[in-house]
Amino acid sequence: MVLKAFFPTCCTSADSGLLVGRWVPEQSSAVVLAVVHFPFIPIQVKELLAQVQQASRVSLAVLGTWCHRQQESEESLGHFLEGLGAIFSHEPWLQLCRERGSKFWSCKATHQQRPGTPGVSSEDHVMLIFYDQRKVLLSHLHSPTVLPDCQAGDATASAEGLAAIFDTVSRSEVLFCKNQFDEGPVRLSHWQSEGVEASILVELAKQASGPVCLLVACLLSLVSASGSCRLWKLWPLPFIASKLSTCEQLRHRLEHLTLVFSTQKAQSPAQLMRKANMLVSMLLDVALGLTLLSWLHSSNRIGQLANALIPMADATGLWPFVSAPARACVHWACLGLELVPLSSLLVLMLILTAHPSNNNNTTAASPHVAEELQHLLQWLMGAPAGLKMNRALDQVLGRFFLYHIHLWISYIHLMSPFIERILWHVGLSACLGLTVALSILSDILALLTFHIYCFYVYGARLYCLKICGLSSLWRLFRGKKWNVLRQRVDSCSYDLDQLFIGTLLFTILVFLLPTTALYYLVFTLLRLLVVTVQGLIHLLVDLINSLPLYSLGLRLCRPYRLAAGVKFHVLEHEAGRPLRLLMQINPLPYSSVVHTYRLPSSGCHPKHSWGSLCRKLFFGELIYPWKQRGDKQD
Amino acid sequence: MEDKRIFSDICGGRLALQCRSYSPFCREFCVSCPRLSLRSLTAVTCTVWLAAYGLFALCENSMILSAAIFITLLGLLGYLHFVKIDQETLLIIDSLGIQMTSSYASGKENTTFIEMGKVKDIVINEAIYMQKVIYYLCILLKDPLEPHNISQVVPVFQSAKPRLDCLIEVYKSCQEVLAHQKATSTRP
């Protein structure tokens, strides 16, 4: 096997001396860590190596000699260096030499004590690999594409290959603590032999972090103790708290804070990175929140917002944003169509498309939104888009919803004097972070569109009832019935009067279905719009919560810290000389940085596939923006 | 030590294979595609701009022209930076590993290094690609748990797709290095 000598680039201009490092026999590679300079006493060198070995648990040894010919008359040095092999016995003994005039190096590896052939030293092929000691020391090697099922085997696999070299360098950090200003018996040359690299700010932060962590941990334990008090366990509170996204977000942040400020030290680099990511995401969150706060509180924007919100809140139906010509268009377009779902779809597509363009002048153009919603209901109660509905049912449903809107308006009128005060206090919560403010916004939206939710539930229940009735009566029509015990459809012989009643009911239900379906469709689409807006807010919150900002910044500014692997460059080569390679660190791509270090999101949102969503919508099952207890995760 | 030969890829385009042998245990193979030709660049730009002028004549909106300029520029940048691969290099070093580098036309380099301990073998595979059968060189990786099984197949020269004669050339050289490694690693 070819002998590989890993040599630090910082030692290329060091004075002649001894090579200190680790020999990895499985790969026949020698990792040079430092150069010991003359003059030294061999016993002291051995003592130093023993000390470092004890501290770092890396078997260090003197690997060979290093000769840097700066003057011409150093022929005697070469003989002297060869003689050193007798004092520090190592197998094989490396002899590295850098010529003065040329760029090329010579390197010999000799096996001196080979049994059977005394005196004759055999030589191996040698390959010189230069590495940047600082980068290799600081980098954290990510093993490429570890499959989830071989995590257990990973621990043993990491100790082989290039990981062994990274491991050796990072573990012998003790050796690099000695610099040239230390009063020691042995002079070493390595990456920080010019002086230990440190920063006053970092040292101060290290000193301060202990007490700060202790203090914050105490405060957090107080907060969590008050959170677990029995008063919060009374009946309606846990239910409400589980539905409000603000509570979820606050709980999530509290977990983050307790993890970041826990007084225990992070065990692994991954955990350290996770803590740093959490801290940075929290800091960014709070900074954004404070910016929002200062923006809100300058020039009385809260009052403006409240004034804008009250007419919005009157009834946050989205119908008014459709201008009159658009409605006329819908009318004409649907005139020829007798199919209810298709025409209603067209209507709502127009609503959806008309909404963003009119978004800016909502506050000015719609002083009384509730009236517009009433207009929408009256339109539905007549002949919407030229469709002929069942008049009686239509009137009943329309009046029912109108009464609801009436209730809602009176509620809003009661609320309206307090809205500015409430908004002011809610605005203060932005100092807890932008995510909390966004969650509160989402909750406010959910509360203000409660009537739309109610309409949706009534419509969905009615529709669901009809669909269920129709499906069972259709079975009756075909002479079948649903067997509950066996969970299957059995054939069944009905009496004549049963069949008659069933058929009659079936006919009635079929003829009443379009009216219910229209109401259901309109309110479902309004509801879906609200859910979409809420979903977007949650997406933004999740993005801020889970984006690993610290890792991304590290990847941007110090690409070598997150290493995916290494790459080699072949340096200039001359025949007869050993091959020289330059080992560089291959940084992790951004996508895998995000993938590896993504923080877990609070995860209280359901994950519907599009198919199941459509199915639920068709059968009139309720869809919730939060997770149901019985929901299966797919 | 270094020789350059002309081969063709599976569609008949020109490819240059450059073999550098630094020592008996370190070899480099470099497959370079022809660079972006001025003719095709001009043709694409002219097509986009003529289409934009046509639209402009119809709609009389100058936004279309500026959009066309931006689309051409961004498209060219994206093509050079993410799509067009000028050179693919395979560096095989005995007892250390195999390194694959693809250099994009903009100078971006994408490097993958596979340690020799994980490499099981290098083979030429046959595959059905659209309506024809093509050959490709690939590296077989060992399963870390069961060393006799293959866990992954890594294709080499993925964008250049050279023909069999070129692949055989590379394959023979690689096998020499691998054989050298096997011979020396079994030696005590």
# chains A, B, ... in the order shown; residues from 1 in each chain; ligands from 1

call {"tool": "residues_around", "arguments": {"residues": "Arg20 in chain B", "least_positions_apart": "3", "cutoff": "12 Å", "atoms": "only C-alpha atoms", "output": "ChimeraX atom specification"}}
result
/A:570,573 /B:1-5,17,23-31,89-92,170,173

call {"tool": "closest_atom_pairs", "arguments": {"of": "chain A", "to": "chain B", "cutoff": "7 Å", "atoms": "only C-alpha atoms", "output": "tab-separated table"}}
result
residue	atom	partner	partner_atom	distance
A:Met1	CA	B:Thr184	CA	4.8
A:Val2	CA	B:Ser95	CA	6.5
A:Gly153	CA	B:Leu145	CA	6.9
A:Gly161	CA	B:Glu115	CA	6.8
A:Gly565	CA	B:Phe113	CA	6.9
A:Val566	CA	B:Phe113	CA	6.5
A:Lys567	CA	B:Phe113	CA	6.2

call {"tool": "write_last_selection", "arguments": {"atoms": "all heavy atoms", "output": "PDB file, in the first residue's frame"}}
result
ATOM      1  N   MET A   1       0.846  -1.199   0.000  1.00  0.00           N
ATOM      2  CA  MET A   1       0.000   0.000   0.000  1.00  0.00           C
ATOM      3  C   MET A   1       0.881   1.250   0.000  1.00  0.00           C
ATOM      4  O   MET A   1       1.938   1.251   0.630  1.00  0.00           O
ATOM      5  CB  MET A   1      -0.895  -0.030   1.241  1.00  0.00           C
ATOM      6  CG  MET A   1      -2.145   0.791   1.083  1.00  0.00           C
ATOM      7  SD  MET A   1      -3.082   0.817   2.608  1.00  0.00           S
ATOM      8  CE  MET A   1      -4.398  -0.308   2.228  1.00  0.00           C
ATOM      9  N   VAL A   2       0.412   2.261  -0.691  1.00  0.00           N
ATOM     10  CA  VAL A   2       1.199   3.488  -0.765  1.00  0.00           C
ATOM     11  C   VAL A   2       1.152   4.189   0.586  1.00  0.00           C
ATOM     12  O   VAL A   2       0.112   4.280   1.204  1.00  0.00           O
ATOM     13  CB  VAL A   2       0.621   4.421  -1.845  1.00  0.00           C
ATOM     14  CG1 VAL A   2       1.456   5.665  -1.973  1.00  0.00           C
ATOM     15  CG2 VAL A   2       0.519   3.708  -3.142  1.00  0.00           C
ATOM     16  N   GLY A 153     -24.426   1.403  12.776  1.00  0.00           N
ATOM     17  CA  GLY A 153     -23.117   1.059  12.245  1.00  0.00           C
ATOM     18  C   GLY A 153     -22.263   2.270  11.979  1.00  0.00           C
ATOM     19  O   GLY A 153     -21.066   2.158  11.736  1.00  0.00           O
ATOM     20  N   GLY A 161     -11.031   5.569   7.488  1.00  0.00           N
ATOM     21  CA  GLY A 161     -10.929   6.476   6.352  1.00  0.00           C
ATOM     22  C   GLY A 161     -10.449   7.846   6.763  1.00  0.00           C
ATOM     23  O   GLY A 161      -9.707   8.011   7.724  1.00  0.00           O
ATOM     24  N   GLY A 565     -16.939  16.641   2.935  1.00  0.00           N
ATOM     25  CA  GLY A 565     -15.898  15.697   2.593  1.00  0.00           C
ATOM     26  C   GLY A 565     -14.654  16.472   2.248  1.00  0.00           C
ATOM     27  O   GLY A 565     -14.467  17.601   2.687  1.00  0.00           O
ATOM     28  N   VAL A 566     -13.797  15.860   1.456  1.00  0.00           N
ATOM     29  CA  VAL A 566     -12.579  16.561   1.067  1.00  0.00           C
ATOM     30  C   VAL A 566     -12.438  16.502  -0.437  1.00  0.00           C
ATOM     31  O   VAL A 566     -13.128  15.747  -1.111  1.00  0.00           O
ATOM     32  CB  VAL A 566     -11.341  15.913   1.707  1.00  0.00           C
ATOM     33  CG1 VAL A 566     -11.326  16.127   3.188  1.00  0.00           C
ATOM     34  CG2 VAL A 566     -11.262  14.462   1.383  1.00  0.00           C
ATOM     35  N   LYS A 567     -11.564  17.354  -0.954  1.00  0.00           N
ATOM     36  CA  LYS A 567     -11.202  17.234  -2.367  1.00  0.00           C
ATOM     37  C   LYS A 567      -9.698  17.400  -2.480  1.00  0.00           C
ATOM     38  O   LYS A 567      -9.076  18.060  -1.646  1.00  0.00           O
ATOM     39  CB  LYS A 567     -11.964  18.252  -3.216  1.00  0.00           C
ATOM     40  CG  LYS A 567     -11.865  19.677  -2.753  1.00  0.00           C
ATOM     41  CD  LYS A 567     -12.779  20.544  -3.584  1.00  0.00           C
ATOM     42  CE  LYS A 567     -12.833  21.944  -3.018  1.00  0.00           C
ATOM     43  NZ  LYS A 567     -13.832  22.774  -3.649  1.00  0.00           N
TER      44      LYS A 567
END

call {"tool": "select_by_dssp", "arguments": {"residues": "range 340-585 of chain A", "states": "strand (DSSP E or B)", "output": "ChimeraX atom specification"}}
result
/A:480-483,488-491,562-570,579-585

call {"tool": "write_last_selection", "arguments": {"atoms": "N, CA and C atoms", "output": "compact mmCIF listing (two decimals), in the first residue's frame"}}
result
# COMPACT_ATOMS: atom_id res chain seq x y z
N LYS A 480 -80.66 -2.94 -1.92
CA LYS A 480 -79.52 -3.31 -1.08
C LYS A 480 -79.61 -2.54 0.22
N LYS A 481 -78.81 -2.94 1.22
CA LYS A 481 -78.73 -2.14 2.44
C LYS A 481 -77.36 -2.33 3.08
N TRP A 482 -77.00 -1.38 3.89
CA TRP A 482 -75.70 -1.42 4.56
C TRP A 482 -75.81 -2.26 5.82
N ASN A 483 -75.01 -3.31 5.91
CA ASN A 483 -75.00 -4.16 7.08
C ASN A 483 -73.95 -3.64 8.05
N ARG A 488 -70.54 -4.14 5.48
CA ARG A 488 -70.57 -4.33 4.03
C ARG A 488 -71.98 -4.12 3.52
N VAL A 489 -72.16 -4.11 2.22
CA VAL A 489 -73.47 -3.91 1.62
C VAL A 489 -74.08 -5.27 1.32
N ASP A 490 -75.26 -5.52 1.90
CA ASP A 490 -75.96 -6.78 1.64
C ASP A 490 -77.19 -6.52 0.79
N SER A 491 -77.68 -7.55 0.16
CA SER A 491 -78.94 -7.38 -0.56
C SER A 491 -80.09 -7.60 0.42
N LEU A 562 -18.43 23.41 8.09
CA LEU A 562 -19.35 22.31 7.82
C LEU A 562 -18.83 21.59 6.59
N ALA A 563 -18.17 20.46 6.82
CA ALA A 563 -17.51 19.78 5.72
C ALA A 563 -18.34 18.60 5.27
N ALA A 564 -18.54 18.49 3.96
CA ALA A 564 -19.21 17.31 3.43
C ALA A 564 -18.19 16.24 3.13
N GLY A 565 -16.94 16.64 2.94
CA GLY A 565 -15.90 15.70 2.59
C GLY A 565 -14.65 16.47 2.25
N VAL A 566 -13.80 15.86 1.46
CA VAL A 566 -12.58 16.56 1.07
C VAL A 566 -12.44 16.50 -0.44
N LYS A 567 -11.56 17.35 -0.95
CA LYS A 567 -11.20 17.23 -2.37
C LYS A 567 -9.70 17.40 -2.48
N PHE A 568 -9.15 16.81 -3.50
CA PHE A 568 -7.70 16.81 -3.65
C PHE A 568 -7.31 17.52 -4.93
N HIS A 569 -6.20 18.26 -4.83
CA HIS A 569 -5.62 18.86 -6.03
C HIS A 569 -4.24 18.28 -6.19
N VAL A 570 -3.91 17.88 -7.41
CA VAL A 570 -2.56 17.38 -7.64
C VAL A 570 -1.66 18.58 -7.89
N LEU A 579 4.68 12.09 -5.08
CA LEU A 579 3.50 12.82 -5.54
C LEU A 579 3.02 13.75 -4.43
N ARG A 580 2.66 14.98 -4.81
CA ARG A 580 2.18 15.91 -3.79
C ARG A 580 0.74 16.28 -4.07
N LEU A 581 -0.10 16.16 -3.07
CA LEU A 581 -1.51 16.50 -3.22
C LEU A 581 -1.86 17.56 -2.20
N LEU A 582 -2.83 18.39 -2.54
CA LEU A 582 -3.33 19.38 -1.59
C LEU A 582 -4.74 18.96 -1.21
N MET A 583 -4.95 18.76 0.10
CA MET A 583 -6.27 18.35 0.54
C MET A 583 -7.05 19.58 0.96
N GLN A 584 -8.20 19.78 0.36
CA GLN A 584 -9.05 20.91 0.72
C GLN A 584 -10.38 20.40 1.23
N ILE A 585 -11.07 21.26 1.94
CA ILE A 585 -12.34 20.83 2.52
C ILE A 585 -13.48 21.18 1.59

call {"tool": "atom_distance", "arguments": {"atom1": "CA of Met389 in chain A", "atom2": "CA of Leu509 in chain A"}}
result
13.3 Å

call {"tool": "select_by_dssp", "arguments": {"residues": "chain B", "states": "helix (DSSP H, G or I)", "output": "count of residues only"}}
result
69

call {"tool": "residues_around", "arguments": {"residues": "range 38-45 of chain B", "least_positions_apart": "6", "cutoff": "12 Å", "atoms": "only C-alpha atoms", "output": "PyMOL selection string"}}
result
chain B and resi 51-52+68-76+79-80

call {"tool": "write_last_selection", "arguments": {"atoms": "N, CA and C atoms", "output": "mmCIF file, in the first residue's frame"}}
result
data_model
loop_
_atom_site.group_PDB
_atom_site.id
_atom_site.type_symbol
_atom_site.label_atom_id
_atom_site.label_comp_id
_atom_site.auth_asym_id
_atom_site.auth_seq_id
_atom_site.Cartn_x
_atom_site.Cartn_y
_atom_site.Cartn_z
ATOM 1 N N ALA B 51 -39.004 37.175 -31.432
ATOM 2 C CA ALA B 51 -40.334 36.898 -30.889
ATOM 3 C C ALA B 51 -40.820 38.087 -30.079
ATOM 4 N N ALA B 52 -39.885 38.665 -29.290
ATOM 5 C CA ALA B 52 -40.268 39.816 -28.477
ATOM 6 C C ALA B 52 -40.679 40.982 -29.359
ATOM 7 N N ALA B 68 -37.746 40.738 -22.373
ATOM 8 C CA ALA B 68 -36.985 39.830 -23.231
ATOM 9 C C ALA B 68 -35.499 39.927 -22.911
ATOM 10 N N ILE B 69 -35.013 41.159 -22.698
ATOM 11 C CA ILE B 69 -33.593 41.339 -22.373
ATOM 12 C C ILE B 69 -33.266 40.622 -21.061
ATOM 13 N N PHE B 70 -34.143 40.820 -20.060
ATOM 14 C CA PHE B 70 -33.880 40.190 -18.756
ATOM 15 C C PHE B 70 -33.929 38.679 -18.862
ATOM 16 N N ILE B 71 -34.911 38.199 -19.616
ATOM 17 C CA ILE B 71 -35.042 36.743 -19.741
ATOM 18 C C ILE B 71 -33.800 36.167 -20.398
ATOM 19 N N THR B 72 -33.306 36.836 -21.452
ATOM 20 C CA THR B 72 -32.112 36.335 -22.134
ATOM 21 C C THR B 72 -30.924 36.315 -21.186
ATOM 22 N N LEU B 73 -30.737 37.424 -20.449
ATOM 23 C CA LEU B 73 -29.569 37.510 -19.566
ATOM 24 C C LEU B 73 -29.645 36.468 -18.461
ATOM 25 N N LEU B 74 -30.803 36.403 -17.803
ATOM 26 C CA LEU B 74 -30.942 35.464 -16.689
ATOM 27 C C LEU B 74 -30.847 34.021 -17.181
ATOM 28 N N GLY B 75 -31.457 33.773 -18.329
ATOM 29 C CA GLY B 75 -31.392 32.435 -18.893
ATOM 30 C C GLY B 75 -29.970 32.028 -19.202
ATOM 31 N N LEU B 76 -29.211 32.950 -19.773
ATOM 32 C CA LEU B 76 -27.819 32.651 -20.115
ATOM 33 C C LEU B 76 -27.016 32.381 -18.849
ATOM 34 N N TYR B 79 -28.036 29.092 -17.386
ATOM 35 C CA TYR B 79 -27.548 27.985 -18.213
ATOM 36 C C TYR B 79 -26.071 27.736 -17.962
ATOM 37 N N LEU B 80 -25.295 28.836 -17.911
ATOM 38 C CA LEU B 80 -23.849 28.675 -17.726
ATOM 39 C C LEU B 80 -23.528 28.181 -16.322
#

call {"tool": "atom_distance", "arguments": {"atom1": "CA of Leu15 in chain B", "atom2": "CA of Glu572 in chain A"}}
result
25.8 Å

call {"tool": "residues_around", "arguments": {"residues": "range 121-136 of chain B", "least_positions_apart": "4", "cutoff": "10 Å", "atoms": "only C-alpha atoms", "output": "PyMOL selection string"}}
result
chain B and resi 10+116+140-142+150+153-158+161-165+167-168+171-172+174-175+178

call {"tool": "write_last_selection", "arguments": {"atoms": "N, CA, C and O atoms", "output": "short mmCIF file (atom, residue, chain, number, x, y, z; two decimals), in the first residue's frame"}}
result
data_model
loop_
_atom_site.label_atom_id
_atom_site.label_comp_id
_atom_site.auth_asym_id
_atom_site.auth_seq_id
_atom_site.Cartn_x
_atom_site.Cartn_y
_atom_site.Cartn_z
N ILE B 10 -22.52 9.87 -27.14
CA ILE B 10 -23.54 8.96 -27.69
C ILE B 10 -24.37 9.60 -28.79
O ILE B 10 -24.99 8.92 -29.58
N MET B 116 -11.37 5.04 -0.87
CA MET B 116 -11.10 3.75 -1.48
C MET B 116 -11.70 2.61 -0.66
O MET B 116 -12.05 1.57 -1.20
N LEU B 140 -19.03 1.07 -8.07
CA LEU B 140 -19.89 0.32 -7.15
C LEU B 140 -19.40 0.56 -5.73
O LEU B 140 -18.21 0.45 -5.46
N LEU B 141 -20.31 0.91 -4.84
CA LEU B 141 -19.92 1.18 -3.45
C LEU B 141 -20.33 0.00 -2.58
O LEU B 141 -21.36 -0.62 -2.80
N LYS B 142 -19.50 -0.25 -1.58
CA LYS B 142 -19.79 -1.36 -0.65
C LYS B 142 -20.87 -0.95 0.32
O LYS B 142 -20.98 0.21 0.70
N ILE B 150 -23.56 -4.63 -2.66
CA ILE B 150 -23.39 -3.30 -3.24
C ILE B 150 -24.50 -2.42 -2.72
O ILE B 150 -25.68 -2.79 -2.77
N VAL B 153 -24.70 2.64 -6.69
CA VAL B 153 -23.98 2.70 -7.97
C VAL B 153 -23.83 4.16 -8.34
O VAL B 153 -24.83 4.88 -8.42
N VAL B 154 -22.60 4.62 -8.49
CA VAL B 154 -22.37 6.03 -8.81
C VAL B 154 -21.90 6.14 -10.25
O VAL B 154 -20.83 5.67 -10.58
N PRO B 155 -22.70 6.71 -11.12
CA PRO B 155 -22.26 6.85 -12.50
C PRO B 155 -21.21 7.95 -12.66
O PRO B 155 -21.22 8.95 -11.95
N VAL B 156 -20.31 7.71 -13.60
CA VAL B 156 -19.23 8.67 -13.87
C VAL B 156 -19.49 9.26 -15.25
O VAL B 156 -20.10 8.61 -16.08
N PHE B 157 -19.00 10.44 -15.49
CA PHE B 157 -19.18 11.16 -16.76
C PHE B 157 -20.66 11.21 -17.14
O PHE B 157 -21.07 10.80 -18.22
N GLN B 158 -21.45 11.72 -16.20
CA GLN B 158 -22.90 11.65 -16.37
C GLN B 158 -23.40 12.60 -17.45
O GLN B 158 -24.36 12.31 -18.14
N LYS B 161 -21.45 11.64 -21.30
CA LYS B 161 -21.91 10.37 -21.89
C LYS B 161 -21.04 9.93 -23.07
O LYS B 161 -21.48 9.90 -24.22
N PRO B 162 -19.79 9.58 -22.80
CA PRO B 162 -18.92 9.15 -23.90
C PRO B 162 -19.31 7.74 -24.39
O PRO B 162 -20.01 7.01 -23.70
N ARG B 163 -18.80 7.40 -25.58
CA ARG B 163 -19.12 6.09 -26.15
C ARG B 163 -18.23 5.01 -25.55
O ARG B 163 -17.31 5.29 -24.79
N LEU B 164 -18.51 3.77 -25.96
CA LEU B 164 -17.86 2.63 -25.33
C LEU B 164 -16.34 2.65 -25.49
O LEU B 164 -15.60 2.32 -24.56
N ASP B 165 -15.85 3.07 -26.66
CA ASP B 165 -14.39 3.01 -26.89
C ASP B 165 -13.65 3.91 -25.90
O ASP B 165 -12.59 3.54 -25.39
N LEU B 167 -14.85 4.77 -22.93
CA LEU B 167 -15.04 4.20 -21.59
C LEU B 167 -14.06 3.06 -21.34
O LEU B 167 -13.52 2.92 -20.25
N ILE B 168 -13.82 2.25 -22.41
CA ILE B 168 -12.90 1.11 -22.24
C ILE B 168 -11.50 1.61 -21.88
O ILE B 168 -10.83 1.08 -21.00
N TYR B 171 -11.61 2.64 -18.34
CA TYR B 171 -11.82 1.46 -17.51
C TYR B 171 -10.53 0.68 -17.31
O TYR B 171 -10.20 0.27 -16.20
N LYS B 172 -9.77 0.52 -18.40
CA LYS B 172 -8.54 -0.27 -18.31
C LYS B 172 -7.56 0.39 -17.35
O LYS B 172 -6.96 -0.26 -16.50
N CYS B 174 -8.20 2.48 -14.92
CA CYS B 174 -8.71 2.42 -13.55
C CYS B 174 -8.46 1.04 -12.97
O CYS B 174 -8.05 0.90 -11.81
N GLN B 175 -8.73 0.01 -13.77
CA GLN B 175 -8.54 -1.35 -13.27
C GLN B 175 -7.08 -1.62 -12.94
O GLN B 175 -6.79 -2.35 -12.00
N LEU B 178 -6.59 -0.16 -9.57
CA LEU B 178 -7.26 -0.96 -8.55
C LEU B 178 -6.51 -2.27 -8.32
O LEU B 178 -6.37 -2.73 -7.17
#

call {"tool": "closest_residue", "arguments": {"among": "A:Tyr453, A:Phe506, A:Phe400, A:Phe239", "to": "Ile623 in chain A", "atoms": "only C-alpha atoms"}}
result
A:Tyr453

call {"tool": "atom_distance", "arguments": {"atom1": "CA of Ala61 in chain A", "atom2": "CA of Leu49 in chain A"}}
result
6.9 Å

call {"tool": "residues_around", "arguments": {"residues": "Leu259 in chain A", "least_positions_apart": "6", "cutoff": "10 Å", "atoms": "only C-alpha atoms", "output": "list of chain:residue names"}}
result
A:Ala217, A:Arg253, A:Ala266, A:Arg274, A:Lys275, A:Met278, A:Leu279

call {"tool": "write_last_selection", "arguments": {"atoms": "N, CA, C and O atoms", "output": "short mmCIF file (atom, residue, chain, number, x, y, z; two decimals), in the first residue's frame"}}
result
data_model
loop_
_atom_site.label_atom_id
_atom_site.label_comp_id
_atom_site.auth_asym_id
_atom_site.auth_seq_id
_atom_site.Cartn_x
_atom_site.Cartn_y
_atom_site.Cartn_z
N ALA A 217 -32.45 30.33 33.49
CA ALA A 217 -33.04 29.02 33.79
C ALA A 217 -33.95 29.12 35.01
O ALA A 217 -35.04 28.51 35.04
N ARG A 253 -41.78 28.30 22.02
CA ARG A 253 -40.68 29.20 22.34
C ARG A 253 -40.13 28.92 23.73
O ARG A 253 -38.94 29.01 23.97
N ALA A 266 -23.60 21.05 26.00
CA ALA A 266 -24.02 20.25 24.85
C ALA A 266 -23.06 19.09 24.66
O ALA A 266 -21.85 19.26 24.72
N ARG A 274 -27.57 22.92 17.18
CA ARG A 274 -29.01 23.08 17.33
C ARG A 274 -29.33 24.21 18.29
O ARG A 274 -30.19 25.05 18.03
N LYS A 275 -28.58 24.24 19.40
CA LYS A 275 -28.78 25.31 20.38
C LYS A 275 -28.51 26.66 19.74
O LYS A 275 -29.28 27.62 19.90
N MET A 278 -31.25 27.68 17.46
CA MET A 278 -32.43 28.14 18.18
C MET A 278 -32.22 29.55 18.69
O MET A 278 -33.11 30.41 18.56
N LEU A 279 -31.03 29.79 19.24
CA LEU A 279 -30.76 31.11 19.81
C LEU A 279 -30.83 32.18 18.73
O LEU A 279 -31.48 33.22 18.90
#
